[in-house]
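Chemist: Just start_3.cif, nothing more (mmCIF, C-alpha atoms and all ligand atoms):
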```cif
data_work
loop_
_atom_site.label_atom_id
_atom_site.label_comp_id
_atom_site.auth_asym_id
_atom_site.auth_seq_id
_atom_site.Cartn_x
_atom_site.Cartn_y
_atom_site.Cartn_z
CA MET A 22 100.54 79.73 121.52
CA GLU A 23 97.44 77.97 122.67
CA GLN A 24 95.36 79.63 119.97
CA GLN A 25 97.97 78.81 117.37
CA ALA A 26 97.96 75.21 118.54
CA ARG A 27 94.20 75.14 118.26
CA ALA A 28 94.34 76.52 114.72
CA GLU A 29 96.98 73.97 113.76
CA ASP A 30 94.95 71.15 115.26
CA ALA A 31 91.87 72.29 113.39
CA LEU A 32 93.80 72.09 110.14
CA GLY A 33 95.81 68.99 110.87
CA LEU A 34 98.80 71.04 109.85
CA ARG A 35 101.22 69.13 111.98
CA MET A 36 100.52 66.11 109.85
CA ILE A 37 100.48 67.97 106.55
CA GLY A 38 103.98 69.31 107.04
CA ASP A 39 106.07 72.15 105.81
CA ASP A 40 105.23 72.19 102.11
CA LEU A 41 101.79 73.47 102.78
CA TYR A 42 103.12 76.37 104.76
CA ASN A 43 104.90 77.63 101.70
CA THR A 44 101.79 78.15 99.63
CA TYR A 45 98.80 80.35 99.65
CA GLU A 46 96.83 77.15 100.28
CA PHE A 47 98.01 77.33 103.82
CA PHE A 48 96.74 80.84 104.18
CA LYS A 49 93.37 80.02 102.66
CA LEU A 50 92.97 76.99 104.89
CA TYR A 51 94.19 78.93 107.85
CA VAL A 52 91.62 81.65 107.42
CA SER A 53 88.74 79.49 106.28
CA SER A 54 89.19 77.03 109.13
CA GLN A 55 88.53 79.62 111.77
CA ASN A 56 85.01 79.95 113.04
CA PRO A 57 83.82 83.50 113.63
CA GLY A 58 84.39 83.18 117.36
CA ASP A 59 88.02 82.29 116.85
CA LEU A 60 88.62 84.96 114.26
CA THR A 61 88.47 87.79 116.72
CA TRP A 62 91.92 87.04 118.04
CA SER A 63 93.52 87.66 114.69
CA VAL A 64 91.60 90.79 113.77
CA GLY A 65 93.30 94.10 114.34
CA SER A 66 91.59 96.67 116.45
CA THR A 67 92.35 100.31 116.75
CA GLY A 68 89.57 101.33 119.02
CA VAL A 69 90.71 100.55 122.57
CA LEU A 70 92.38 103.28 124.48
CA ALA A 71 95.16 103.90 126.93
CA ARG A 72 97.56 101.17 127.84
CA ASN A 73 100.60 103.15 128.73
CA PRO A 74 100.14 106.83 129.53
CA CYS A 75 103.86 107.61 129.18
CA GLU A 76 103.69 106.67 125.47
CA ALA A 77 100.84 109.05 124.84
CA GLY A 78 102.86 112.15 123.97
CA MET A 79 105.43 110.47 121.74
CA LYS A 80 105.67 111.57 118.15
CA LYS A 81 108.71 109.68 116.92
CA TYR A 82 108.34 106.12 115.77
CA ILE A 83 110.51 103.78 113.74
CA GLY A 84 109.13 102.71 110.38
CA CYS A 85 110.74 99.61 108.92
CA ASP A 86 110.20 97.97 105.55
CA LEU A 87 111.18 94.33 105.13
CA GLY A 88 111.70 93.78 101.41
CA GLY A 89 112.96 90.85 99.39
CA THR A 90 116.13 92.73 98.47
CA ASN A 91 116.57 95.39 101.16
CA VAL A 92 115.48 96.27 104.66
CA ARG A 93 114.91 99.98 105.21
CA ALA A 94 114.27 101.83 108.46
CA ALA A 95 113.90 105.45 109.50
CA VAL A 96 112.67 107.66 112.29
CA VAL A 97 109.23 109.01 111.39
CA ASP A 98 107.50 111.97 112.95
CA VAL A 99 103.95 110.65 113.06
CA GLU A 100 102.44 114.14 113.29
CA THR A 101 104.08 115.48 110.13
CA GLY A 102 105.10 112.36 108.21
CA ALA A 103 108.72 113.59 108.13
CA VAL A 104 111.24 110.80 107.54
CA GLU A 105 114.66 111.13 109.12
CA HIS A 106 117.82 109.04 109.13
CA ALA A 107 116.51 106.58 106.53
CA THR A 108 118.97 103.73 106.22
CA MET A 109 119.01 100.60 104.09
CA ILE A 110 120.80 97.27 104.30
CA PRO A 111 120.55 94.14 102.13
CA THR A 112 118.01 91.58 103.37
CA LEU A 113 120.19 88.55 102.57
CA ALA A 114 117.11 86.40 103.08
CA ARG A 115 118.89 83.16 102.28
CA GLU A 116 120.79 83.42 105.56
CA GLY A 117 117.53 82.55 107.31
CA TYR A 118 115.02 84.55 109.27
CA MET A 119 116.97 84.77 112.53
CA ALA A 120 119.90 86.39 110.74
CA VAL A 121 117.54 88.79 108.97
CA ILE A 122 115.84 89.68 112.25
CA GLN A 123 119.17 90.30 113.95
CA ARG A 124 120.32 92.55 111.13
CA MET A 125 116.99 94.36 111.09
CA SER A 126 117.17 94.96 114.85
CA GLY A 127 120.73 96.25 114.50
CA LEU A 128 119.61 98.56 111.70
CA ILE A 129 116.80 99.95 113.86
CA LEU A 130 119.10 100.53 116.83
CA GLY A 131 121.61 102.20 114.48
CA VAL A 132 118.91 104.54 113.12
CA ILE A 133 117.92 105.52 116.65
CA GLU A 134 121.56 106.16 117.52
CA GLN A 135 122.00 108.32 114.40
CA SER A 136 118.95 110.35 115.38
CA GLY A 137 120.54 111.27 118.71
CA LEU A 138 117.23 110.59 120.45
CA PRO A 139 117.23 108.55 123.65
CA LYS A 140 115.41 105.27 123.10
CA SER A 141 112.89 106.37 125.72
CA GLU A 142 111.63 108.99 123.26
CA ILE A 143 110.84 106.46 120.54
CA GLY A 144 107.23 105.32 120.85
CA GLY A 145 107.67 102.01 119.07
CA ILE A 146 108.47 100.21 115.82
CA GLY A 147 106.18 99.40 112.89
CA ILE A 148 107.34 96.80 110.38
CA GLY A 149 105.82 96.42 106.90
CA VAL A 150 106.04 92.78 105.89
CA PRO A 151 105.51 91.36 102.37
CA GLY A 152 103.20 88.49 103.17
CA VAL A 153 100.50 86.98 105.32
CA LEU A 154 100.50 87.94 108.97
CA ASP A 155 98.56 87.54 112.15
CA ILE A 156 98.80 91.19 113.10
CA GLU A 157 97.12 90.70 116.44
CA ARG A 158 99.79 88.29 117.67
CA GLY A 159 102.65 89.86 115.69
CA VAL A 160 103.40 86.62 113.87
CA VAL A 161 104.49 86.12 110.26
CA LEU A 162 102.44 83.23 108.84
CA PHE A 163 104.27 83.01 105.54
CA LEU A 164 106.09 85.17 103.02
CA PRO A 165 105.61 84.01 99.42
CA ASN A 166 108.44 86.12 97.98
CA LEU A 167 111.16 85.77 100.59
CA VAL A 168 113.45 82.76 100.78
CA GLY A 169 114.07 81.26 104.21
CA HIS A 170 111.54 79.50 106.37
CA TRP A 171 109.30 82.38 107.45
CA THR A 172 106.47 80.28 108.80
CA ASP A 173 104.95 81.11 112.16
CA VAL A 174 107.80 83.46 113.02
CA PRO A 175 107.01 85.67 116.05
CA LEU A 176 108.66 88.65 114.36
CA SER A 177 107.10 91.22 116.66
CA ARG A 178 108.36 89.56 119.85
CA LEU A 179 111.84 88.80 118.46
CA VAL A 180 112.50 92.37 117.28
CA SER A 181 111.02 93.73 120.50
CA GLU A 182 113.40 91.56 122.57
CA GLN A 183 116.39 92.75 120.57
CA THR A 184 115.50 96.44 120.53
CA GLY A 185 113.65 96.92 123.82
CA LEU A 186 110.75 98.65 122.04
CA PRO A 187 107.16 97.59 121.27
CA VAL A 188 106.73 96.29 117.70
CA LYS A 189 103.64 96.15 115.47
CA LEU A 190 103.42 94.37 112.11
CA ILE A 191 101.40 95.28 109.04
CA ASN A 192 101.27 93.93 105.50
CA ASP A 193 103.54 96.07 103.32
CA ALA A 194 100.85 97.07 100.80
CA ARG A 195 98.55 98.10 103.64
CA SER A 196 101.37 100.20 105.14
CA ILE A 197 101.81 101.97 101.77
CA THR A 198 98.04 102.54 101.65
CA PHE A 199 98.06 103.97 105.16
CA GLY A 200 101.08 106.22 104.54
CA GLU A 201 99.70 107.59 101.26
CA TRP A 202 96.32 108.22 102.84
CA LYS A 203 97.68 110.17 105.80
CA PHE A 204 100.51 112.11 104.17
CA GLY A 205 100.57 111.38 100.43
CA ALA A 206 98.27 111.16 97.42
CA GLY A 207 95.29 110.07 99.51
CA GLN A 208 95.17 113.06 101.81
CA GLY A 209 91.79 114.66 102.37
CA VAL A 210 89.50 111.80 101.28
CA ASP A 211 87.69 109.40 103.58
CA THR A 212 87.56 106.47 101.16
CA MET A 213 90.51 105.41 99.06
CA ALA A 214 91.80 102.36 97.22
CA CYS A 215 95.51 101.76 96.66
CA PHE A 216 97.18 99.39 94.20
CA THR A 217 100.89 98.68 94.75
CA LEU A 218 102.51 97.64 91.48
CA GLY A 219 105.80 95.81 91.84
CA THR A 220 106.95 92.20 91.91
CA GLY A 221 103.33 91.46 92.70
CA VAL A 222 100.23 93.63 92.78
CA GLY A 223 99.21 94.42 96.34
CA GLY A 224 96.59 96.73 97.64
CA GLY A 225 94.76 98.32 100.48
CA LEU A 226 91.52 100.10 101.27
CA VAL A 227 90.62 103.03 103.46
CA ILE A 228 86.88 103.08 104.06
CA ASN A 229 85.07 105.83 105.93
CA GLY A 230 88.25 107.21 107.42
CA ARG A 231 89.75 103.91 108.58
CA LEU A 232 92.27 101.52 107.12
CA HIS A 233 90.09 98.51 106.35
CA LEU A 234 91.84 95.43 107.70
CA GLY A 235 89.31 92.61 107.60
CA ILE A 236 90.17 89.17 108.92
CA GLY A 237 93.68 89.20 110.38
CA GLY A 238 94.59 92.30 108.32
CA THR A 239 94.14 90.46 105.03
CA ALA A 240 91.55 92.77 103.41
CA GLY A 241 92.46 94.83 100.37
CA GLU A 242 94.26 92.31 98.15
CA LEU A 243 93.11 94.23 95.08
CA GLY A 244 95.69 92.57 92.84
CA HIS A 245 94.14 89.15 93.43
CA GLN A 246 90.69 89.85 92.08
CA THR A 247 89.82 87.66 89.10
CA ILE A 248 89.59 89.62 85.85
CA ASP A 249 89.86 86.63 83.51
CA PHE A 250 88.02 83.40 84.41
CA ASN A 251 90.41 81.21 82.47
CA GLY A 252 93.49 83.36 82.73
CA PRO A 253 97.01 82.25 83.64
CA GLN A 254 97.64 80.84 87.09
CA CYS A 255 98.69 83.42 89.66
CA GLY A 256 101.27 82.94 92.40
CA CYS A 257 98.37 82.96 94.85
CA GLY A 258 96.84 79.83 93.33
CA ASN A 259 93.91 81.51 91.59
CA HIS A 260 93.62 82.04 87.82
CA GLY A 261 93.40 85.34 85.98
CA CYS A 262 94.20 87.73 88.84
CA VAL A 263 95.07 91.36 88.01
CA GLU A 264 98.60 90.49 89.17
CA THR A 265 99.10 88.01 86.32
CA TYR A 266 98.69 90.89 83.81
CA ALA A 267 100.03 93.98 85.52
CA SER A 268 102.87 93.07 87.90
CA GLY A 269 106.42 94.06 86.99
CA PRO A 270 107.33 90.47 86.01
CA ALA A 271 104.11 90.13 83.96
CA ILE A 272 104.97 93.29 81.99
CA ALA A 273 108.58 92.17 81.53
CA ALA A 274 107.34 88.74 80.36
CA MET A 275 105.26 90.37 77.61
CA GLY A 276 108.42 92.10 76.40
CA MET A 277 110.41 88.86 76.52
CA LYS A 278 107.72 87.08 74.56
CA ALA A 279 107.74 89.70 71.82
CA VAL A 280 111.52 89.47 71.52
CA ALA A 281 111.50 85.66 71.64
CA GLN A 282 108.92 85.60 68.83
CA GLY A 283 111.30 87.64 66.73
CA GLN A 284 109.03 90.69 66.54
CA LYS A 285 110.77 93.83 65.44
CA THR A 286 110.83 95.99 68.54
CA ARG A 287 113.03 98.65 70.11
CA ILE A 288 112.91 96.58 73.32
CA ALA A 289 115.30 94.03 71.76
CA GLU A 290 117.72 96.75 70.69
CA LEU A 291 117.74 98.44 74.09
CA VAL A 292 118.87 95.23 75.81
CA ASN A 293 121.09 94.13 72.94
CA TYR A 294 118.91 91.02 72.55
CA ASP A 295 119.65 89.89 76.14
CA MET A 296 116.25 88.76 77.39
CA ASN A 297 117.35 88.84 81.03
CA LYS A 298 117.74 92.59 80.85
CA ILE A 299 114.14 93.26 79.86
CA THR A 300 112.37 95.19 82.63
CA PRO A 301 109.22 97.32 82.81
CA ALA A 302 111.53 100.38 82.73
CA ILE A 303 113.16 99.21 79.46
CA ILE A 304 109.74 98.60 77.90
CA SER A 305 108.65 102.02 79.11
CA GLN A 306 111.70 103.58 77.47
CA ALA A 307 110.96 101.79 74.20
CA ALA A 308 107.36 103.00 74.38
CA GLN A 309 108.48 106.59 75.01
CA GLU A 310 110.57 106.27 71.84
CA GLY A 311 107.43 105.32 69.95
CA ASP A 312 107.82 101.53 69.73
CA PRO A 313 104.31 100.21 68.98
CA ILE A 314 104.90 96.81 70.64
CA ALA A 315 106.08 98.44 73.87
CA ILE A 316 103.13 100.84 73.81
CA ASP A 317 100.79 97.89 73.34
CA ILE A 318 102.31 96.06 76.33
CA TYR A 319 101.47 98.99 78.61
CA GLU A 320 98.09 99.22 76.91
CA GLN A 321 97.40 95.61 77.93
CA ALA A 322 98.67 96.06 81.50
CA GLY A 323 96.67 99.29 81.82
CA TYR A 324 93.56 97.58 80.48
CA ALA A 325 93.89 94.80 83.09
CA LEU A 326 94.42 97.34 85.86
CA GLY A 327 91.57 99.43 84.52
CA VAL A 328 89.18 96.48 84.77
CA GLY A 329 90.35 95.84 88.34
CA ILE A 330 89.99 99.52 89.25
CA ALA A 331 86.53 99.64 87.67
CA ASN A 332 85.51 96.70 89.87
CA VAL A 333 86.79 98.45 93.00
CA MET A 334 85.07 101.70 92.00
CA VAL A 335 81.74 99.93 91.68
CA MET A 336 82.16 98.02 94.93
CA VAL A 337 83.74 100.60 97.23
CA THR A 338 83.18 103.98 95.49
CA PRO A 339 86.53 105.45 96.55
CA HIS A 340 87.03 109.17 96.06
CA ARG A 341 90.58 108.43 95.03
CA VAL A 342 92.49 105.49 93.59
CA VAL A 343 96.22 105.70 94.30
CA LEU A 344 98.72 103.73 92.22
CA ALA A 345 102.06 103.07 93.95
CA GLY A 346 105.20 101.10 93.14
CA GLY A 347 107.89 100.99 90.49
CA VAL A 348 105.65 100.11 87.54
CA ILE A 349 103.74 103.40 87.83
CA ALA A 350 106.91 105.20 86.72
CA ALA A 351 105.56 104.55 83.20
CA GLY A 352 103.11 107.39 83.88
CA GLU A 353 100.59 108.11 81.13
CA LEU A 354 101.60 104.96 79.25
CA LEU A 355 99.74 103.12 82.01
CA LEU A 356 97.35 105.79 83.28
CA GLY A 357 95.95 106.51 79.80
CA PRO A 358 94.58 103.00 79.17
CA ILE A 359 93.49 102.76 82.83
CA ARG A 360 91.35 105.89 82.53
CA ARG A 361 89.90 104.84 79.16
CA THR A 362 88.98 101.41 80.52
CA VAL A 363 87.31 102.89 83.58
CA GLN A 364 85.31 105.26 81.32
CA GLN A 365 84.13 102.32 79.24
CA ARG A 366 83.20 100.08 82.15
CA VAL A 367 81.77 102.03 85.06
CA PHE A 368 78.15 103.21 84.85
CA VAL A 369 76.50 102.67 88.21
CA MET A 370 78.43 105.18 90.31
CA PRO A 371 79.61 108.76 89.66
CA LYS A 372 82.94 107.87 88.05
CA GLU A 373 83.71 111.53 87.35
CA GLN A 374 84.12 112.00 91.11
CA VAL A 375 86.90 109.40 91.33
CA GLU A 376 90.47 110.58 90.87
CA ILE A 377 93.05 108.05 89.69
CA VAL A 378 96.49 109.34 90.69
CA PRO A 379 100.07 108.16 91.18
CA ALA A 380 101.39 107.83 94.74
CA ALA A 381 103.20 110.83 96.19
CA LEU A 382 105.61 109.51 98.81
CA GLY A 383 107.87 107.30 96.69
CA ILE A 384 109.84 104.68 98.57
CA ASN A 385 109.01 106.28 101.91
CA SER A 386 105.27 105.55 101.85
CA GLY A 387 105.67 102.11 103.43
CA ILE A 388 108.03 103.33 106.15
CA ILE A 389 105.70 106.20 107.01
CA GLY A 390 102.68 103.91 107.01
CA SER A 391 104.37 101.31 109.22
CA ALA A 392 105.40 103.94 111.77
CA LEU A 393 101.89 105.40 111.76
CA TRP A 394 100.50 101.93 112.25
CA ALA A 395 102.68 101.39 115.33
CA TYR A 396 101.55 104.79 116.60
CA GLU A 397 97.90 104.03 116.03
CA GLN A 398 98.24 100.63 117.69
CA ARG A 399 100.05 102.02 120.74
CA THR A 400 96.85 102.24 122.69
CA VAL A 401 95.57 98.71 122.08
CA VAL A 402 95.37 96.79 125.33
ZN ZN B 1 96.36 86.03 92.61
#
```
Just dump the structure as structure tokens.

Modeler:
Amino acid sequence: MEQQARAEDALGLRMIGDDLYNTYEFFKLYVSSQNPGDLTWSVGSTGVLARNPCEAGMKKYIGCDLGGTNVRAAVVDVETGAVEHATMIPTLAREGYMAVIQRMSGLILGVIEQSGLPKSEIGGIGIGVPGVLDIERGVVLFLPNLVGHWTDVPLSRLVSEQTGLPVKLINDARSITFGEWKFGAGQGVDTMACFTLGTGVGGGLVINGRLHLGIGGTAGELGHQTIDFNGPQCGCGNHGCVETYASGPAIAAMGMKAVAQGQKTRIAELVNYDMNKITPAIISQAAQEGDPIAIDIYEQAGYALGVGIANVMVMVTPHRVVLAGGVIAAGELLLGPIRRTVQQRVFVMPKEQVEIVPAALGINSGIIGSALWAYEQRTVV
């Protein structure tokens, strides 16, 4: 609390008020205001050993995924990646964070009960959270896509109090990255980049055999790299991010625009001219049926992603780039233009050694990654 108070004082946040908390501005100020000495408290560490010897042999952890629509939890065997007793409940975020946390804790306890395991055999809980966190203190700083006042919420402590188990938090895209690396499409490589394509475009990096966390766990926001100096404004506050061209809503918006402009497209027929029903899946279906406008929409999204992937390839030289999330269901419609763009844009590293592949674990990657994260963090003093 003292450190939080110091950070708030440094920013004058108490005077600025709540509005600021609800924007990425808060996050940027929050991070940039820290001097390097202060930053250490919010940087995750995985290197310190042995806090509680009785936890050492445990293999079962709870992975939990806090989403805008649903909360999912399951028992995960952290040695095999096996997911058991996966259960889902609606988030009902508008009821406020305390109600969500109570329901989440009840869900977790229910999953443990279903498993038949005594609580003493569960090593801990990992929660993937869609927003900006202080992973060291287990605090949610803010969640851009969840209604309710999720600012400075000590999620880790609250769930721990209600479940009687240790709790670790991780950004949801980083948990997907971690899960795919250990047990999914990223297995066997020491450096990997992951893009998560959904409501937004998240990401994560594994570098030299470690999940790269950076300041407070915020590294790897691959969807918020600028690919167009003067592009549309992104939800993060920047202009021309990958996310503004390749998120699910961005792809749907291209379809809506085509229909609104009166262009002749199968997309309009598939939704019976109801714009609200246009989704990336509908556009994908139209493209599969040969609709040139739908094909072009995926061409544009793939081009934007391809430019972003080319940037990451040049900067990080990953052996593998993993694409996760609902939008990747479009398959070659998206992967084709991505691969062509990368071919046309990368020259200073051996691009032929980089595999660009879809994720392998489906909706379980985040749950697996969160559980693994709790397992890996078990030894931090
Ligand atoms: Zn952005």

Chemist: Please give me, as a PDB file with C-alpha atoms, keeping the file's coordinate frame, the residues lying within 9 Å of ligand ZN 1 (chain B) when counting only C-alpha atoms and all ligand atoms.

Modeler:
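Once written, selection.pdb looks like this:
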```
ATOM      1  CA  GLY A 221     103.330  91.460  92.700  1.00  0.00           C
ATOM      2  CA  VAL A 222     100.230  93.630  92.780  1.00  0.00           C
ATOM      3  CA  GLU A 242      94.260  92.310  98.150  1.00  0.00           C
ATOM      4  CA  GLY A 244      95.690  92.570  92.840  1.00  0.00           C
ATOM      5  CA  HIS A 245      94.140  89.150  93.430  1.00  0.00           C
ATOM      6  CA  GLN A 246      90.690  89.850  92.080  1.00  0.00           C
ATOM      7  CA  THR A 247      89.820  87.660  89.100  1.00  0.00           C
ATOM      8  CA  GLN A 254      97.640  80.840  87.090  1.00  0.00           C
ATOM      9  CA  CYS A 255      98.690  83.420  89.660  1.00  0.00           C
ATOM     10  CA  GLY A 256     101.270  82.940  92.400  1.00  0.00           C
ATOM     11  CA  CYS A 257      98.370  82.960  94.850  1.00  0.00           C
ATOM     12  CA  GLY A 258      96.840  79.830  93.330  1.00  0.00           C
ATOM     13  CA  ASN A 259      93.910  81.510  91.590  1.00  0.00           C
ATOM     14  CA  HIS A 260      93.620  82.040  87.820  1.00  0.00           C
ATOM     15  CA  GLY A 261      93.400  85.340  85.980  1.00  0.00           C
ATOM     16  CA  CYS A 262      94.200  87.730  88.840  1.00  0.00           C
ATOM     17  CA  VAL A 263      95.070  91.360  88.010  1.00  0.00           C
ATOM     18  CA  GLU A 264      98.600  90.490  89.170  1.00  0.00           C
ATOM     19  CA  THR A 265      99.100  88.010  86.320  1.00  0.00           C
TER      20      THR A 265
END
```

Chemist: Do a neighbour search on A:Gly219 at 8 Å with only C-alpha atoms, toss out local chain neighbours closer than 4 positions, and write the hits as an MDAnalysis selection string.

Modeler: chainID A and resid 268:269 346:348

Chemist: Would you put the residues from that selection into a file with C-alpha atoms, as a PDB file, in the coordinates of the input?

Modeler:
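So the final result, stored in result_20.pdb, reads:
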```
ATOM      1  CA  SER A 268     102.870  93.070  87.900  1.00  0.00           C
ATOM      2  CA  GLY A 269     106.420  94.060  86.990  1.00  0.00           C
ATOM      3  CA  GLY A 346     105.200 101.100  93.140  1.00  0.00           C
ATOM      4  CA  GLY A 347     107.890 100.990  90.490  1.00  0.00           C
ATOM      5  CA  VAL A 348     105.650 100.110  87.540  1.00  0.00           C
TER       6      VAL A 348
END
```

Chemist: Given the choices A:Gly387, A:Gly252, A:Gly205, A:Pro371, which gets closest to A:Thr101 if the distance is worked out from all atoms listed in the file?

Modeler: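 Smallest distance to A:Thr101 is found for A:Gly205.
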
Chemist: Compare A:Ala345, A:Cys85, A:Glu397, A:Ala289 by their minimum atom-to-atom distance to A:Gly383, counting all atoms listed in the file, and give me the closest one.

Modeler: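 Ranked by minimum distance to A:Gly383, first place goes to A:Ala345.
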
Chemist: Return the single residue from A:Leu179, A:Ile272, A:Val153, A:Ile318 that is closest to A:Thr239, with distances computed using all atoms listed in the file.

Modeler: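 Of A:Leu179, A:Ile272, A:Val153, A:Ile318, the one nearest A:Thr239 is A:Val153, counting all atoms listed in the file.
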
Chemist: List every protein, DNA or RNA residue that has at least one atom no more than 10 Å from (117.3, 102.9, 107.1) in the file's coordinates, counting all atoms listed in the file, and write the result as a PyMOL selection string.

Modeler: chain A and resi 83-86+91-96+104-110+125+128-129+131-133+388

Chemist: Excluding stretch 116-124 of chain A and any residue of its chain fewer than 6 positions from it, enumerate the residues within 9 Å of it, using only C-alpha atoms, and give them as a ChimeraX atom specification.

Modeler: /A:92,110,168-171,174,176,179-180,183

Chemist: Those residues you just picked out, can you put them in a file as a compact mmCIF listing (two decimals), in the coordinates of the input with C-alpha atoms?

Modeler:
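New file out-v2.txt:
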```
# COMPACT_ATOMS: atom_id res chain seq x y z
CA VAL A 92 115.48 96.27 104.66
CA ILE A 110 120.80 97.27 104.30
CA VAL A 168 113.45 82.76 100.78
CA GLY A 169 114.07 81.26 104.21
CA HIS A 170 111.54 79.50 106.37
CA TRP A 171 109.30 82.38 107.45
CA VAL A 174 107.80 83.46 113.02
CA LEU A 176 108.66 88.65 114.36
CA LEU A 179 111.84 88.80 118.46
CA VAL A 180 112.50 92.37 117.28
CA GLN A 183 116.39 92.75 120.57
```

Chemist: Considering only C-alpha atoms, state which residue in the set A:Ser386, A:Met334, A:Gly241, A:Lys81 is at the smallest distance from A:Glu142.

Modeler: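 Answer, going by the shortest atom-to-atom distance: A:Lys81.
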
Chemist: Calculate how many Å separate atom CA of A:Thr338 from atom CA of A:Lys372, rounding to one decimal.

Modeler: 8.4 Å

Chemist: What is the atom CA of A:Gly235 to atom CA of A:Asn332 distance in Å?

Modeler: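 If I compute the distance from atom CA of A:Gly235 to atom CA of A:Asn332, I get 18.6 Å.
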
Chemist: Taking all listed atoms of stretch 266-284 of chain A, build the axis-aligned box, pad each of the six sides by 6 Å, then write its centre and edge lengths in Å to one decimal as AutoDock Vina command-line options.

Modeler:
```
--center_x 105.1 --center_y 89.8 --center_z 77.2 --size_x 24.8 --size_y 20.5 --size_z 33.4
```

Chemist: Determine the nearest neighbour of A:Ala308 from the options A:Gly238, A:Pro253, A:Gly352, A:Gly89, counting all atoms listed in the file.

Modeler: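 Of A:Gly238, A:Pro253, A:Gly352, A:Gly89, the one nearest A:Ala308, counting all atoms listed in the file, is A:Gly352.
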
Chemist: Closest to A:Leu344 among A:Thr198, A:Gln364, A:Asn192, A:Thr90, using only C-alpha atoms?

Modeler: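 Under the stated criterion, the closest residue is A:Thr198.
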
Chemist: Counting only C-alpha atoms, which residues come within 12 Å of (83.7, 103.3, 93.3), with the point read in the file's coordinates, and could you list them as number ranges by chain?

Modeler: A: 212-214, 226, 228, 329-342, 363, 366-377

Chemist: Distance atom CA of A:Arg287-atom CA of A:Gln321, one decimal place?

Modeler: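 Calculated distance between atom CA of A:Arg287 and atom CA of A:Gln321 is 17.7 Å.
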
Chemist: Near A:Asp312, counting all atoms listed in the file, which residues have an atom at most 9 Å away, once you skip same-chain residues fewer than 4 positions from it, shown as a PDB file with C-alpha atoms, in the coordinates of the input?

Modeler:
```pdb
ATOM      1  CA  THR A 286     110.830  95.990  68.540  1.00  0.00           C
ATOM      2  CA  ARG A 287     113.030  98.650  70.110  1.00  0.00           C
ATOM      3  CA  ILE A 288     112.910  96.580  73.320  1.00  0.00           C
ATOM      4  CA  ILE A 304     109.740  98.600  77.900  1.00  0.00           C
ATOM      5  CA  GLN A 306     111.700 103.580  77.470  1.00  0.00           C
ATOM      6  CA  ALA A 307     110.960 101.790  74.200  1.00  0.00           C
ATOM      7  CA  ALA A 308     107.360 103.000  74.380  1.00  0.00           C
ATOM      8  CA  ILE A 316     103.130 100.840  73.810  1.00  0.00           C
ATOM      9  CA  ASP A 317     100.790  97.890  73.340  1.00  0.00           C
TER      10      ASP A 317
END
```
